[in-house]
file query.cif (mmCIF, C-alpha atoms and all ligand atoms)
data_query
loop_
_atom_site.label_atom_id
_atom_site.label_comp_id
_atom_site.auth_asym_id
_atom_site.auth_seq_id
_atom_site.Cartn_x
_atom_site.Cartn_y
_atom_site.Cartn_z
CA MET A 1 -26.79 47.06 -77.03
CA ALA A 2 -26.52 47.88 -73.35
CA SER A 3 -30.27 48.48 -73.08
CA ASP A 4 -30.72 45.05 -74.62
CA ILE A 5 -28.80 43.45 -71.84
CA PHE A 6 -30.72 45.52 -69.27
CA GLY A 7 -33.89 44.27 -70.93
CA GLN A 8 -32.71 40.68 -70.51
CA VAL A 9 -32.21 41.18 -66.80
CA GLN A 10 -35.64 42.79 -66.42
CA ASP A 11 -37.21 39.91 -68.34
CA LEU A 12 -35.46 37.45 -66.07
CA ILE A 13 -36.70 39.27 -62.99
CA GLN A 14 -40.22 39.15 -64.39
CA GLU A 15 -39.82 35.46 -65.14
CA ILE A 16 -38.71 34.78 -61.59
CA LYS A 17 -41.57 36.83 -60.16
CA SER A 18 -44.22 35.11 -62.19
CA ALA A 19 -42.98 31.57 -61.62
CA THR A 20 -45.47 29.54 -59.55
CA PRO A 21 -43.85 26.36 -58.22
CA ALA A 22 -46.71 24.60 -56.47
CA ASN A 23 -45.03 21.67 -54.78
CA GLN A 24 -41.66 20.52 -53.43
CA GLU A 25 -40.48 19.15 -56.79
CA GLU A 26 -41.38 22.28 -58.73
CA LEU A 27 -39.72 24.38 -56.06
CA GLU A 28 -36.57 22.30 -56.37
CA ARG A 29 -36.59 22.89 -60.11
CA PHE A 30 -37.03 26.62 -59.45
CA ARG A 31 -34.03 26.52 -57.10
CA ILE A 32 -31.82 24.79 -59.64
CA MET A 33 -32.88 27.17 -62.39
CA TYR A 34 -32.32 30.44 -60.52
CA LEU A 35 -30.05 29.61 -57.58
CA GLY A 36 -28.22 26.44 -58.57
CA SER A 37 -24.61 26.25 -59.74
CA LYS A 38 -25.71 26.60 -63.40
CA ASN A 39 -28.47 29.15 -62.79
CA LYS A 40 -29.83 31.53 -65.42
CA ILE A 41 -28.53 34.67 -63.72
CA LYS A 42 -24.88 33.68 -63.81
CA PRO A 43 -24.24 34.07 -67.58
CA LEU A 44 -25.54 37.64 -67.40
CA PHE A 45 -22.73 38.54 -65.04
CA GLY A 46 -20.40 37.69 -67.94
CA GLN A 47 -22.08 40.47 -69.91
CA MET A 48 -20.71 43.06 -67.54
CA ARG A 49 -17.78 43.79 -69.86
CA ASN A 50 -20.21 44.83 -72.64
CA VAL A 51 -21.84 47.44 -70.42
CA PRO A 52 -20.50 51.00 -70.63
CA ASN A 53 -18.65 52.00 -67.51
CA GLU A 54 -21.20 54.57 -66.34
CA GLN A 55 -23.92 51.88 -66.41
CA LYS A 56 -21.93 49.10 -64.80
CA ARG A 57 -23.21 50.04 -61.33
CA ASP A 58 -26.88 49.95 -62.36
CA PHE A 59 -26.31 46.71 -64.21
CA GLY A 60 -24.71 45.13 -61.18
CA GLN A 61 -27.60 46.26 -59.04
CA ALA A 62 -30.12 44.82 -61.48
CA LEU A 63 -28.34 41.45 -61.39
CA ASN A 64 -28.30 41.49 -57.61
CA GLU A 65 -31.97 42.29 -57.58
CA ALA A 66 -32.62 39.25 -59.78
CA LYS A 67 -30.67 37.10 -57.36
CA ASN A 68 -32.44 38.56 -54.32
CA VAL A 69 -35.87 38.15 -55.84
CA ALA A 70 -35.10 34.48 -56.55
CA GLU A 71 -33.75 33.89 -53.06
CA GLU A 72 -36.62 35.58 -51.27
CA LYS A 73 -39.20 33.83 -53.37
CA TYR A 74 -37.51 30.49 -52.77
CA GLU A 75 -37.34 30.97 -48.98
CA ALA A 76 -40.96 32.15 -48.74
CA LEU A 77 -42.30 29.27 -50.84
CA LYS A 78 -40.18 26.73 -49.00
CA ALA A 79 -41.53 27.88 -45.65
CA GLN A 80 -45.07 27.68 -47.01
CA LEU A 81 -44.66 24.20 -48.47
CA ASP A 82 -42.90 22.90 -45.35
CA ALA A 83 -45.69 24.19 -43.14
CA ALA A 84 -48.28 22.56 -45.39
CA ALA A 85 -46.37 19.28 -45.36
CA PHE A 86 -46.22 19.39 -41.54
CA GLU A 87 -49.94 19.98 -41.33
CA ASP A 88 -50.66 17.10 -43.67
CA ALA A 89 -48.55 14.82 -41.48
CA ALA A 90 -50.16 16.16 -38.31
CA ALA A 91 -53.60 15.56 -39.77
CA GLU A 92 -52.73 11.89 -39.93
CA ILE A 93 -51.96 11.76 -36.19
CA ASP A 94 -55.04 10.84 -34.18
CA LEU A 95 -54.77 13.00 -31.12
CA THR A 96 -57.74 11.28 -29.53
CA ALA A 97 -56.15 7.82 -29.74
CA PRO A 98 -55.47 6.28 -26.32
CA GLY A 99 -51.85 6.62 -25.14
CA GLU A 100 -49.33 3.87 -24.64
CA PRO A 101 -49.93 2.40 -21.18
CA PHE A 102 -47.23 3.41 -18.70
CA ARG A 103 -46.69 0.65 -16.19
CA LEU A 104 -46.30 1.81 -12.64
CA GLY A 105 -44.54 -0.47 -10.21
CA THR A 106 -46.17 -1.69 -7.05
CA ARG A 107 -44.68 -1.84 -3.60
CA HIS A 108 -43.22 -5.17 -2.57
CA PRO A 109 -45.44 -6.95 -0.02
CA VAL A 110 -42.52 -7.13 2.42
CA SER A 111 -42.10 -3.34 2.17
CA ILE A 112 -45.82 -2.78 2.61
CA VAL A 113 -45.94 -4.89 5.77
CA MET A 114 -42.64 -3.51 7.07
CA ASP A 115 -43.92 0.04 6.71
CA GLU A 116 -47.16 -0.90 8.38
CA VAL A 117 -45.37 -2.41 11.39
CA ILE A 118 -43.11 0.64 11.67
CA ASP A 119 -46.14 2.89 11.45
CA ILE A 120 -47.99 1.03 14.20
CA PHE A 121 -45.11 1.26 16.66
CA SER A 122 -44.23 4.84 15.68
CA ARG A 123 -47.68 5.87 16.86
CA ILE A 124 -46.84 4.78 20.42
CA GLY A 125 -43.44 6.42 20.53
CA PHE A 126 -40.99 3.83 19.17
CA ALA A 127 -38.14 5.33 17.14
CA VAL A 128 -36.61 3.43 14.21
CA ALA A 129 -33.04 2.21 14.71
CA GLU A 130 -31.20 0.74 11.73
CA GLU A 131 -27.96 -1.16 11.97
CA ARG A 132 -25.47 -3.20 9.93
CA GLU A 133 -26.24 -6.56 8.32
CA ILE A 134 -22.61 -7.69 8.57
CA GLU A 135 -22.24 -7.95 12.33
CA ASP A 136 -19.59 -9.13 14.74
CA ASP A 137 -20.02 -12.20 16.89
CA TRP A 138 -20.29 -10.19 20.10
CA HIS A 139 -23.26 -8.00 19.07
CA ASN A 140 -25.16 -10.82 17.39
CA PHE A 141 -24.56 -13.59 19.95
CA THR A 142 -22.36 -13.05 22.97
CA ALA A 143 -23.83 -9.75 24.16
CA MET A 144 -27.25 -11.28 23.64
CA ASN A 145 -26.40 -13.88 26.27
CA THR A 146 -25.52 -16.55 23.72
CA PRO A 147 -21.80 -17.16 24.29
CA GLU A 148 -19.76 -19.53 22.18
CA ASP A 149 -20.76 -23.16 22.67
CA HIS A 150 -24.20 -22.11 23.86
CA PRO A 151 -26.63 -24.66 22.40
CA ALA A 152 -28.96 -21.87 21.19
CA ARG A 153 -26.37 -21.01 18.56
CA ASP A 154 -27.24 -24.20 16.74
CA MET A 155 -30.67 -22.84 15.88
CA GLN A 156 -29.17 -19.79 14.24
CA ASP A 157 -26.32 -20.97 12.07
CA THR A 158 -25.34 -18.29 9.61
CA PHE A 159 -22.84 -17.20 6.95
CA TYR A 160 -19.36 -16.15 8.00
CA ILE A 161 -17.07 -13.75 6.21
CA LYS A 162 -14.00 -15.43 4.72
CA GLY A 163 -10.82 -14.25 6.41
CA PHE A 164 -12.78 -12.60 9.26
CA PRO A 165 -13.90 -15.43 11.57
CA ASN A 166 -15.43 -12.91 13.94
CA MET A 167 -17.73 -11.37 11.30
CA LEU A 168 -21.04 -12.84 10.20
CA LEU A 169 -24.32 -12.00 8.54
CA ARG A 170 -26.64 -11.18 11.43
CA THR A 171 -29.13 -13.90 12.26
CA HIS A 172 -31.66 -11.59 13.87
CA THR A 173 -32.31 -7.92 14.43
CA SER A 174 -31.73 -8.56 18.15
CA SER A 175 -28.15 -7.49 17.36
CA VAL A 176 -29.50 -3.94 17.13
CA GLN A 177 -30.43 -4.18 20.83
CA SER A 178 -26.78 -4.54 21.82
CA ARG A 179 -25.73 -1.80 19.38
CA VAL A 180 -28.29 0.63 20.78
CA MET A 181 -27.88 -0.26 24.46
CA THR A 182 -24.11 0.23 24.36
CA THR A 183 -24.45 3.69 22.83
CA GLN A 184 -27.66 5.11 24.33
CA LYS A 185 -28.92 5.68 27.86
CA PRO A 186 -32.41 4.64 29.01
CA PRO A 187 -35.16 5.41 28.41
CA ILE A 188 -34.73 3.49 25.16
CA ARG A 189 -37.74 2.78 22.98
CA ILE A 190 -36.80 1.55 19.53
CA ILE A 191 -37.87 -0.75 16.75
CA ALA A 192 -35.24 -2.16 14.41
CA PRO A 193 -36.42 -3.24 10.97
CA GLY A 194 -34.08 -5.04 8.60
CA ARG A 195 -32.82 -8.03 6.70
CA VAL A 196 -31.44 -11.09 8.46
CA TYR A 197 -29.73 -14.31 7.32
CA ARG A 198 -29.59 -17.95 8.33
CA ASN A 199 -27.83 -20.99 6.99
CA GLU A 200 -31.10 -22.76 6.20
CA THR A 201 -32.26 -24.97 3.39
CA ILE A 202 -34.73 -23.00 1.31
CA SER A 203 -38.24 -24.42 1.48
CA ALA A 204 -41.83 -23.22 1.54
CA ARG A 205 -41.42 -22.41 5.23
CA SER A 206 -37.84 -21.22 5.62
CA HIS A 207 -35.34 -19.14 3.68
CA CYS A 208 -31.71 -18.13 4.02
CA GLN A 209 -32.73 -14.47 4.08
CA PHE A 210 -35.78 -12.76 5.47
CA HIS A 211 -36.81 -9.62 7.33
CA GLN A 212 -37.50 -8.89 10.95
CA VAL A 213 -38.62 -6.05 13.14
CA GLU A 214 -37.18 -5.99 16.62
CA GLY A 215 -38.65 -4.00 19.50
CA LEU A 216 -36.90 -2.85 22.66
CA TYR A 217 -38.13 -0.80 25.59
CA VAL A 218 -35.80 -0.16 28.52
CA ASP A 219 -36.66 2.18 31.36
CA GLU A 220 -37.32 2.21 35.10
CA GLY A 221 -40.26 0.03 36.03
CA VAL A 222 -41.02 -1.57 32.64
CA SER A 223 -43.15 -4.66 33.34
CA PHE A 224 -44.44 -7.77 31.62
CA ALA A 225 -47.90 -6.17 31.67
CA ASP A 226 -46.52 -3.30 29.55
CA LEU A 227 -45.20 -5.85 27.09
CA LYS A 228 -48.47 -7.73 26.86
CA GLN A 229 -50.54 -4.59 26.33
CA THR A 230 -48.11 -3.29 23.70
CA LEU A 231 -48.37 -6.56 21.79
CA LEU A 232 -52.16 -6.61 22.04
CA TYR A 233 -52.22 -3.07 20.66
CA PHE A 234 -49.99 -4.22 17.79
CA ALA A 235 -52.12 -7.27 16.98
CA ARG A 236 -55.30 -5.19 16.89
CA GLU A 237 -53.76 -2.57 14.61
CA MET A 238 -52.27 -5.21 12.35
CA TYR A 239 -54.92 -7.91 12.24
CA GLY A 240 -58.13 -6.06 13.07
CA LYS A 241 -59.71 -4.62 16.20
CA ASP A 242 -61.09 -7.99 17.29
CA ALA A 243 -57.72 -9.73 17.05
CA ARG A 244 -56.88 -11.98 20.00
CA ILE A 245 -53.42 -12.97 21.17
CA ARG A 246 -52.05 -15.52 23.59
CA LEU A 247 -48.60 -15.82 25.14
CA ARG A 248 -47.02 -19.22 25.50
CA PRO A 249 -44.00 -19.71 27.78
CA SER A 250 -40.87 -20.22 25.72
CA TYR A 251 -37.14 -19.79 25.83
CA PHE A 252 -34.77 -17.22 24.35
CA PRO A 253 -31.28 -16.66 25.72
CA PHE A 254 -31.74 -12.88 25.83
CA THR A 255 -35.08 -12.71 27.66
CA GLU A 256 -36.30 -14.03 31.00
CA PRO A 257 -39.11 -14.89 31.14
CA SER A 258 -39.69 -15.48 27.43
CA ALA A 259 -42.83 -16.16 25.43
CA GLU A 260 -44.10 -16.90 21.96
CA VAL A 261 -46.96 -14.70 20.83
CA ASP A 262 -49.80 -16.30 18.89
CA VAL A 263 -52.62 -14.56 17.09
CA TYR A 264 -55.99 -16.24 16.58
CA TYR A 265 -56.37 -17.13 12.91
CA GLY A 266 -59.42 -19.37 13.10
CA LEU A 267 -60.24 -22.69 11.51
CA ALA A 268 -62.48 -21.44 8.74
CA ASP A 269 -61.02 -23.51 5.93
CA GLU A 270 -58.57 -26.25 5.23
CA HIS A 271 -55.74 -23.79 4.69
CA ALA A 272 -56.35 -22.34 8.16
CA TYR A 273 -56.46 -25.83 9.58
CA ARG A 274 -53.13 -26.70 8.05
CA MET A 275 -51.45 -23.38 8.88
CA THR A 276 -52.43 -23.59 12.54
CA LYS A 277 -51.96 -27.35 12.85
CA GLY A 278 -55.57 -27.59 13.89
CA THR A 279 -55.29 -25.17 16.82
CA GLY A 280 -56.56 -21.98 15.17
CA TRP A 281 -53.56 -20.12 16.62
CA LEU A 282 -50.56 -18.86 14.66
CA GLU A 283 -47.24 -17.82 16.12
CA ILE A 284 -46.33 -14.26 15.11
CA MET A 285 -43.28 -13.43 17.22
CA GLY A 286 -41.03 -14.07 20.20
CA CYS A 287 -40.81 -11.77 23.20
CA GLY A 288 -39.84 -11.45 26.83
CA MET A 289 -38.31 -9.34 29.56
CA VAL A 290 -34.73 -8.37 28.69
CA ASP A 291 -32.44 -10.71 30.64
CA PRO A 292 -30.50 -8.71 33.28
CA ALA A 293 -27.30 -10.30 31.92
CA VAL A 294 -27.95 -8.61 28.55
CA LEU A 295 -28.43 -5.23 30.22
CA GLN A 296 -25.18 -5.74 32.16
CA ASN A 297 -23.31 -6.85 29.00
CA CYS A 298 -24.29 -3.56 27.41
CA GLY A 299 -23.40 -1.42 30.43
CA ILE A 300 -26.92 -0.75 31.71
CA ASP A 301 -27.60 -1.04 35.44
CA SER A 302 -29.96 -4.01 35.72
CA GLU A 303 -30.86 -3.13 39.31
CA LYS A 304 -32.26 0.18 38.21
CA TYR A 305 -33.69 -0.63 34.78
CA THR A 306 -35.88 -3.30 33.30
CA GLY A 307 -37.00 -3.79 29.75
CA PHE A 308 -39.03 -5.82 27.34
CA ALA A 309 -38.13 -6.96 23.85
CA PHE A 310 -39.80 -8.71 20.95
CA GLY A 311 -38.86 -9.82 17.47
CA MET A 312 -41.05 -10.77 14.53
CA GLY A 313 -40.53 -12.02 11.01
CA ILE A 314 -41.99 -9.72 8.38
CA GLU A 315 -42.58 -12.41 5.77
CA ARG A 316 -44.48 -14.30 8.44
CA GLN A 317 -46.80 -11.35 9.05
CA ALA A 318 -47.27 -11.01 5.27
CA ILE A 319 -48.02 -14.73 4.95
CA ILE A 320 -50.72 -14.41 7.61
CA LYS A 321 -52.15 -11.15 6.33
CA TYR A 322 -52.21 -12.04 2.64
CA ARG A 323 -52.53 -15.81 3.02
CA VAL A 324 -49.42 -16.52 0.98
CA HIS A 325 -48.56 -20.22 1.00
CA ASP A 326 -44.86 -20.20 0.25
CA ILE A 327 -42.15 -17.87 1.62
CA ARG A 328 -40.06 -18.32 -1.54
CA MET A 329 -42.54 -16.23 -3.51
CA PHE A 330 -41.34 -13.10 -1.73
CA PHE A 331 -37.88 -13.49 -3.26
CA GLU A 332 -38.62 -14.79 -6.75
CA ASN A 333 -39.68 -11.38 -8.06
CA ASP A 334 -42.42 -12.77 -10.23
CA VAL A 335 -44.45 -9.71 -11.16
CA ARG A 336 -47.64 -11.77 -11.40
CA PHE A 337 -47.27 -12.35 -7.67
CA LEU A 338 -45.98 -8.90 -6.76
CA ARG A 339 -48.71 -6.99 -8.60
CA GLN A 340 -51.43 -8.52 -6.47
CA PHE A 341 -50.57 -6.29 -3.56
CA ASN A 342 -51.19 -3.37 -5.85
CA LYS A 343 -50.26 -0.43 -3.76
CA VAL A 344 -48.99 1.77 -6.53
CA VAL A 345 -45.69 3.48 -5.88
CA SER A 346 -46.24 7.22 -6.07
N1 LIG A 401 -34.29 -12.95 17.86
C1 LIG A 401 -35.35 -13.92 17.90
C2 LIG A 401 -35.29 -14.76 16.60
O1 LIG A 401 -34.76 -14.31 15.65
C3 LIG A 401 -36.69 -13.26 18.01
C4 LIG A 401 -36.87 -12.64 19.33
C5 LIG A 401 -37.41 -13.35 20.36
C6 LIG A 401 -36.49 -11.33 19.55
C7 LIG A 401 -37.60 -12.78 21.60
C8 LIG A 401 -36.65 -10.76 20.81
C9 LIG A 401 -37.22 -11.50 21.81
O2 LIG A 401 -36.31 -9.51 21.06
O3 LIG A 401 -37.41 -10.93 23.03
O4 LIG A 401 -35.81 -15.83 16.61
#
call {"tool": "encode", "arguments": {"input": "query.cif", "output": "structure tokens"}}
result
Amino acid sequence: MASDIFGQVQDLIQEIKSATPANQEELERFRIMYLGSKNKIKPLFGQMRNVPNEQKRDFGQALNEAKNVAEEKYEALKAQLDAAAFEDAAAEIDLTAPGEPFRLGTRHPVSIVMDEVIDIFSRIGFAVAEEREIEDDWHNFTAMNTPEDHPARDMQDTFYIKGFPNMLLRTHTSSVQSRVMTTQKPPIRIIAPGRVYRNETISARSHCQFHQVEGLYVDEGVSFADLKQTLLYFAREMYGKDARIRLRPSYFPFTEPSAEVDVYYGLADEHAYRMTKGTGWLEIMGCGMVDPAVLQNCGIDSEKYTGFAFGMGIERQAIIKYRVHDIRMFFENDVRFLRQFNKVVS
């Protein structure tokens, strides 16, 4: 009787060993049959009470063996079938197919030109000075020799901060001159890049926000000749080694004498004709010798020191360099426009 039951367990072990589930479904059936909640091993445990005491241990071991054989076989086959399934799936992936294109951004033309201007002046010893865009009246206007009621203020109307009548969005980077000159001692040799604002109607030629780079050099014996040579150097670096400039007398409250700087653009086509109003010359910036009153306002001895200053619009340089026809394009963020300057951001 007992050997009968032992025989049943041995048969079951044999059955488990010889089973050959060949795919996921057959393996699942195998699992249900030998390891599921109604598996074939379970009822044999109920036979334990028919086994003589001295054989109970062996019987128990035989049943455990059956269970272990089923478990090991199941795990091994499952691993095999899973690996095969993975390989089948992998075989369907074409590793030589071209990848999804990853779009890199490009630098904004204003940034490209700004960096170029900074680079050009850095090479001759100008340090970058950055200052606030929300400025007080004194640094933007009064210190720059444009007191209240000065008619020059009309040309640079701006945005004021509600509740703070003395605070405004700076109209030019010239405000950095007064910031730097009140905190540093000569020699001062800085360029100030940054965003500026004006209360202007937006059109192809003007905008309520744009970018400027200011230049300031204050030391003993700085002359107009130094200014002119510095600007010629800039024009040649920026617009090519044959670039020509001319200085036209002009007026700015903070410089005396003052001048507008033009670069020769030519009259090669109709666009050039229109841009230069038929003269071939394009204005690129304003400049002059720092007015002694500005030096005094900022606590610098105007008997001892002289200086030159200049200020240029960055969009304007970009318009000239890239022949862009409308300043608004710089602020619309149309990628079809922006991608044309394709300097990829690294
Ligand atoms: N601040 C002037 C403007 O925004 C530009 C300028 C002209 C700056 C002459 C200067 C300068 O430093 O000397 O129109």
call {"tool": "closest_residue", "arguments": {"input": "query.cif", "among": "A:Val110, A:Leu216, A:Val222, A:Ala79", "to": "Gly311 of chain A", "atoms": "all atoms listed in the file"}}
result
A:Leu216
call {"tool": "residues_around", "arguments": {"input": "query.cif", "residues": "Val290 of chain A", "least_positions_apart": "3", "cutoff": "7 Å", "atoms": "all atoms listed in the file", "output": "list in words"}}
result
Phe254, Thr255, Glu256, Val294, Thr306, Gly307, Phe308 and Ala309 of chain A
call {"tool": "residues_around", "arguments": {"input": "query.cif", "residues": "Ala243 of chain A", "least_positions_apart": "2", "cutoff": "10 Å", "atoms": "all atoms listed in the file", "output": "ChimeraX atom specification"}}
result
/A:232-241,245,263-265
call {"tool": "residues_near_ligand", "arguments": {"input": "query.cif", "ligand": "ligand LIG 401 (chain A)", "cutoff": "8 Å", "atoms": "all atoms listed in the file", "output": "list in words"}}
result
Gln156, Thr171, His172, Thr173, Ser174, Gln177, Gln212, Glu214, Gly215, Leu216, Phe252, Phe254, Thr255, Ser258, Ala259, Glu260, Met285, Gly286, Cys287, Gly288, Met289, Val290, Phe308, Ala309, Phe310, Gly311, Met312 and Gly313 of chain A
call {"tool": "write_last_selection", "arguments": {"input": "query.cif", "atoms": "C-alpha atoms", "output": "mmCIF file, in the frame of the given file"}}
result
data_model
loop_
_atom_site.group_PDB
_atom_site.id
_atom_site.type_symbol
_atom_site.label_atom_id
_atom_site.label_comp_id
_atom_site.auth_asym_id
_atom_site.auth_seq_id
_atom_site.Cartn_x
_atom_site.Cartn_y
_atom_site.Cartn_z
ATOM 1 C CA GLN A 156 -29.170 -19.790 14.240
ATOM 2 C CA THR A 171 -29.130 -13.900 12.260
ATOM 3 C CA HIS A 172 -31.660 -11.590 13.870
ATOM 4 C CA THR A 173 -32.310 -7.920 14.430
ATOM 5 C CA SER A 174 -31.730 -8.560 18.150
ATOM 6 C CA GLN A 177 -30.430 -4.180 20.830
ATOM 7 C CA GLN A 212 -37.500 -8.890 10.950
ATOM 8 C CA GLU A 214 -37.180 -5.990 16.620
ATOM 9 C CA GLY A 215 -38.650 -4.000 19.500
ATOM 10 C CA LEU A 216 -36.900 -2.850 22.660
ATOM 11 C CA PHE A 252 -34.770 -17.220 24.350
ATOM 12 C CA PHE A 254 -31.740 -12.880 25.830
ATOM 13 C CA THR A 255 -35.080 -12.710 27.660
ATOM 14 C CA SER A 258 -39.690 -15.480 27.430
ATOM 15 C CA ALA A 259 -42.830 -16.160 25.430
ATOM 16 C CA GLU A 260 -44.100 -16.900 21.960
ATOM 17 C CA MET A 285 -43.280 -13.430 17.220
ATOM 18 C CA GLY A 286 -41.030 -14.070 20.200
ATOM 19 C CA CYS A 287 -40.810 -11.770 23.200
ATOM 20 C CA GLY A 288 -39.840 -11.450 26.830
ATOM 21 C CA MET A 289 -38.310 -9.340 29.560
ATOM 22 C CA VAL A 290 -34.730 -8.370 28.690
ATOM 23 C CA PHE A 308 -39.030 -5.820 27.340
ATOM 24 C CA ALA A 309 -38.130 -6.960 23.850
ATOM 25 C CA PHE A 310 -39.800 -8.710 20.950
ATOM 26 C CA GLY A 311 -38.860 -9.820 17.470
ATOM 27 C CA MET A 312 -41.050 -10.770 14.530
ATOM 28 C CA GLY A 313 -40.530 -12.020 11.010
#
call {"tool": "closest_residue", "arguments": {"input": "query.cif", "among": "A:Tyr34, A:Lys73, A:Ala85, A:Pro253", "to": "Thr146 of chain A", "atoms": "all atoms listed in the file"}}
result
A:Pro253
call {"tool": "closest_residue", "arguments": {"input": "query.cif", "among": "A:Leu247, A:Ala272, A:Tyr305, A:Thr142", "to": "Asp219 of chain A", "atoms": "all atoms listed in the file"}}
result
A:Tyr305
call {"tool": "closest_residue", "arguments": {"input": "query.cif", "among": "A:Asn297, A:Gln10, A:Thr230, A:Gln340", "to": "Asn64 of chain A", "atoms": "all atoms listed in the file"}}
result
A:Gln10
call {"tool": "closest_residue", "arguments": {"input": "query.cif", "among": "A:His139, A:Arg198, A:Lys17, A:Lys185", "to": "Met155 of chain A", "atoms": "all atoms listed in the file"}}
result
A:Arg198
call {"tool": "residues_near_point", "arguments": {"input": "query.cif", "point": "(-43.7, -16.6, -4.0)", "cutoff": "12 Å", "atoms": "all atoms listed in the file", "output": "ChimeraX atom specification"}}
result
/A:108-110,203-205,207,315,318-319,322-340
call {"tool": "closest_residue", "arguments": {"input": "query.cif", "among": "A:Ala76, A:Leu168, A:Val128, A:Ile41", "to": "Asp115 of chain A", "atoms": "all atoms listed in the file"}}
result
A:Val128
call {"tool": "axis_aligned_box", "arguments": {"input": "query.cif", "around": "segment 139-144 of chain A", "padding_each_side": "5 Å", "output": "JSON"}}
result
{"center_x": -24.8, "center_y": -10.8, "center_z": 20.8, "size_x": 14.9, "size_y": 15.6, "size_z": 16.8}
